[in-house]
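What follows is one structure encoded as structure tokens, with my remarks underneath.
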Amino acid sequence: MEDSFRHKGLRKKLVEEIRKKGITDEQVLTAISKVPRHLFMESGFINFSYKDSAFPIGAGQTISQPYTVAFQTELLQVSPMDKVLEIGTGSGYQAAILVEMGAKVFTIERQRELFVKAKSQLEGLGYYPHFFYGDGYLGMPSYGPYKRILVTAGAPSVPTKLIEQLEVGGRMVIPVGDGSGQDMIVIEKISDTETKTTNHGRFIFVPLLKGTNK
Ligand code: SAH
């Protein structure tokens with residue numbers, strides 16, 4: 001499938017909808033206007049690609065709602081060349097947004113099926129983050145520390161390994177809570193031993209799970 005004028009038009013509308021919902025970061029909105037979300041969707045849902053909703057992507061997982069992607073990305077405050085670690089590659093859509101914004105992206109997925117699919121899909125579109133199949137609870141210390149860490153699944157608590165892999169001065173965005181919903185938490189690493197935490201409201205994500213799944 002291609003990226004047609006019709007798709008571009010639908011994306012423009014989606015961007016306006018997200019802007020109305022409160023997203024102001026133009027870099028984020030521009031990235032959303034560029035990444036063809038319909039190429040990250042399961043075939044049965046393609047017609048809904050530019051609806052501001054989450055949809056199934058296989059393996060019991062979902063592609064996040066575009067507003068949520070925009071909200072998390074805005075909170076992350078990404079600049080070109082920033083080293084960003086994403087936990088939960090899923091469809092690869094969020095990783096594509098970060099690459100589009102000029103970040104050096106490292107993304108981890110625990111479901112092999114999704115890891116394989118997202119990697120070939122993104123590379124086919126010319127997006128080249130570093131892909132890893134593994135458990136995001138452990139992060140990816142060999143490439144760290146990271147200036148930004150983005151968790152796209154709901155974590156019962158903040159994994160200590162991720163705080164360790166965050167640069168001093170760095171920032172992590174992570175939904176924290178149980179299955180009934182999560183608080184969108186921003187953690188700023190002030191020094192090796194101090195962090196500052198702020199809460200940015202309620203969201204619902206699929207859970208961050210331990211280990212990997214073949
Ligand atoms: N960022 C994704 C959102 C996918 S939903 C997108 O843009 O489509 C969250 C993803 O996190 C799921 O694919 C799930 O399999 C993955 N996940 C859950 N726990 C994980 C863990 N411990 N390590 C890595 N990925 C995990």
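Numbering starts fresh at 1 for the residues of each chain in the structure tokens, the chains themselves are lettered A, B, ... in the order given, and ligands are numbered from 1 as they appear.
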
Give the strand (DSSP E) residues of region 39-90 of chain A, as DSSP finds them on the backbone, and put them as a PDB file with N, CA, C and O atoms, in the first residue's frame.
ATOM      1  N   PHE A  55      -5.647   0.660  18.341  1.00  0.00           N
ATOM      2  CA  PHE A  55      -6.178  -0.504  17.624  1.00  0.00           C
ATOM      3  C   PHE A  55      -5.280  -1.721  17.853  1.00  0.00           C
ATOM      4  O   PHE A  55      -4.085  -1.566  18.103  1.00  0.00           O
ATOM      5  N   PRO A  56      -5.861  -2.928  17.707  1.00  0.00           N
ATOM      6  CA  PRO A  56      -5.054  -4.150  17.861  1.00  0.00           C
ATOM      7  C   PRO A  56      -3.984  -4.263  16.770  1.00  0.00           C
ATOM      8  O   PRO A  56      -4.230  -3.879  15.624  1.00  0.00           O
ATOM      9  N   ILE A  57      -2.818  -4.783  17.150  1.00  0.00           N
ATOM     10  CA  ILE A  57      -1.736  -4.991  16.167  1.00  0.00           C
ATOM     11  C   ILE A  57      -1.252  -6.440  16.176  1.00  0.00           C
ATOM     12  O   ILE A  57      -0.220  -6.760  15.601  1.00  0.00           O
ATOM     13  N   GLY A  58      -1.981  -7.331  16.863  1.00  0.00           N
ATOM     14  CA  GLY A  58      -1.551  -8.733  16.981  1.00  0.00           C
ATOM     15  C   GLY A  58      -0.868  -8.963  18.311  1.00  0.00           C
ATOM     16  O   GLY A  58      -0.497  -8.001  19.000  1.00  0.00           O
ATOM     17  N   GLN A  61      -1.612  -6.999  21.558  1.00  0.00           N
ATOM     18  CA  GLN A  61      -1.080  -5.652  21.820  1.00  0.00           C
ATOM     19  C   GLN A  61      -1.814  -4.615  20.969  1.00  0.00           C
ATOM     20  O   GLN A  61      -2.600  -4.967  20.098  1.00  0.00           O
ATOM     21  N   THR A  62      -1.523  -3.345  21.229  1.00  0.00           N
ATOM     22  CA  THR A  62      -2.196  -2.269  20.481  1.00  0.00           C
ATOM     23  C   THR A  62      -1.201  -1.222  20.003  1.00  0.00           C
ATOM     24  O   THR A  62      -0.133  -1.043  20.593  1.00  0.00           O
ATOM     25  N   ILE A  63      -1.576  -0.544  18.917  1.00  0.00           N
ATOM     26  CA  ILE A  63      -0.874   0.682  18.513  1.00  0.00           C
ATOM     27  C   ILE A  63      -1.562   1.780  19.325  1.00  0.00           C
ATOM     28  O   ILE A  63      -2.796   1.843  19.386  1.00  0.00           O
ATOM     29  N   LYS A  83      19.800  10.696  22.240  1.00  0.00           N
ATOM     30  CA  LYS A  83      19.720   9.235  22.335  1.00  0.00           C
ATOM     31  C   LYS A  83      18.469   8.875  23.116  1.00  0.00           C
ATOM     32  O   LYS A  83      18.343   9.235  24.283  1.00  0.00           O
ATOM     33  N   VAL A  84      17.544   8.202  22.436  1.00  0.00           N
ATOM     34  CA  VAL A  84      16.261   7.876  23.057  1.00  0.00           C
ATOM     35  C   VAL A  84      16.081   6.358  23.127  1.00  0.00           C
ATOM     36  O   VAL A  84      16.236   5.667  22.118  1.00  0.00           O
ATOM     37  N   LEU A  85      15.751   5.854  24.309  1.00  0.00           N
ATOM     38  CA  LEU A  85      15.425   4.437  24.472  1.00  0.00           C
ATOM     39  C   LEU A  85      13.915   4.312  24.598  1.00  0.00           C
ATOM     40  O   LEU A  85      13.306   4.946  25.464  1.00  0.00           O
ATOM     41  N   GLU A  86      13.324   3.502  23.694  1.00  0.00           N
ATOM     42  CA  GLU A  86      11.883   3.249  23.779  1.00  0.00           C
ATOM     43  C   GLU A  86      11.649   1.818  24.258  1.00  0.00           C
ATOM     44  O   GLU A  86      12.236   0.888  23.718  1.00  0.00           O
ATOM     45  N   ILE A  87      10.782   1.647  25.245  1.00  0.00           N
ATOM     46  CA  ILE A  87      10.411   0.306  25.698  1.00  0.00           C
ATOM     47  C   ILE A  87       9.019  -0.008  25.147  1.00  0.00           C
ATOM     48  O   ILE A  87       8.055   0.707  25.459  1.00  0.00           O
TER      49      ILE A  87
END

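Residues in contact with Gly169 (chain A) at 7 Å, where only C-alpha atoms are counted and same-chain residues fewer than 5 positions away are skipped, are listed as Glu188, Lys189 and Ile190 of chain A.
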
Environment of ligand 1 within 7 Å, counting only C-alpha atoms and all ligand atoms, reported as a ChimeraX atom specification:
/A:61-64,87-95,108-111,114,134-137,152-153,205-211

Might you pull out every residue within 12 Å of region 16-33 of chain A, with only C-alpha atoms counted and same-chain residues fewer than 2 positions away left off, and present them as a count of residues only?
44

Apply DSSP to the structure's backbone, then extract all residues of region 14-66 of chain A labelled alpha helix (DSSP H) and return them as a ChimeraX atom specification.
/A:14-20,26-34,66

Find the residues around Phe203 (chain A) up to 10 Å (only C-alpha atoms counted), leave out those fewer than 4 positions away in its own chain, and share them as JSON, numbers by chain.
{"A": [68, 154, 175, 176, 177, 180, 181, 182, 183, 184]}

Would you compute the distance between CA of Phe115 (chain A) and CA of Asn213 (chain A)? Give it in Å to one decimal.
10.5 Å

Work out how far apart CA of Ser142 (chain A) and CA of Lys161 (chain A) are and give it in Å to one decimal.
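These atoms are spaced 12.2 Å apart.
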
Atomic separation - CA of Phe132 (chain A) relative to CA of Ser43 (chain A), Å:
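If I compute the distance from CA of Ser43 (chain A) to CA of Phe132 (chain A), I get 24.8 Å.
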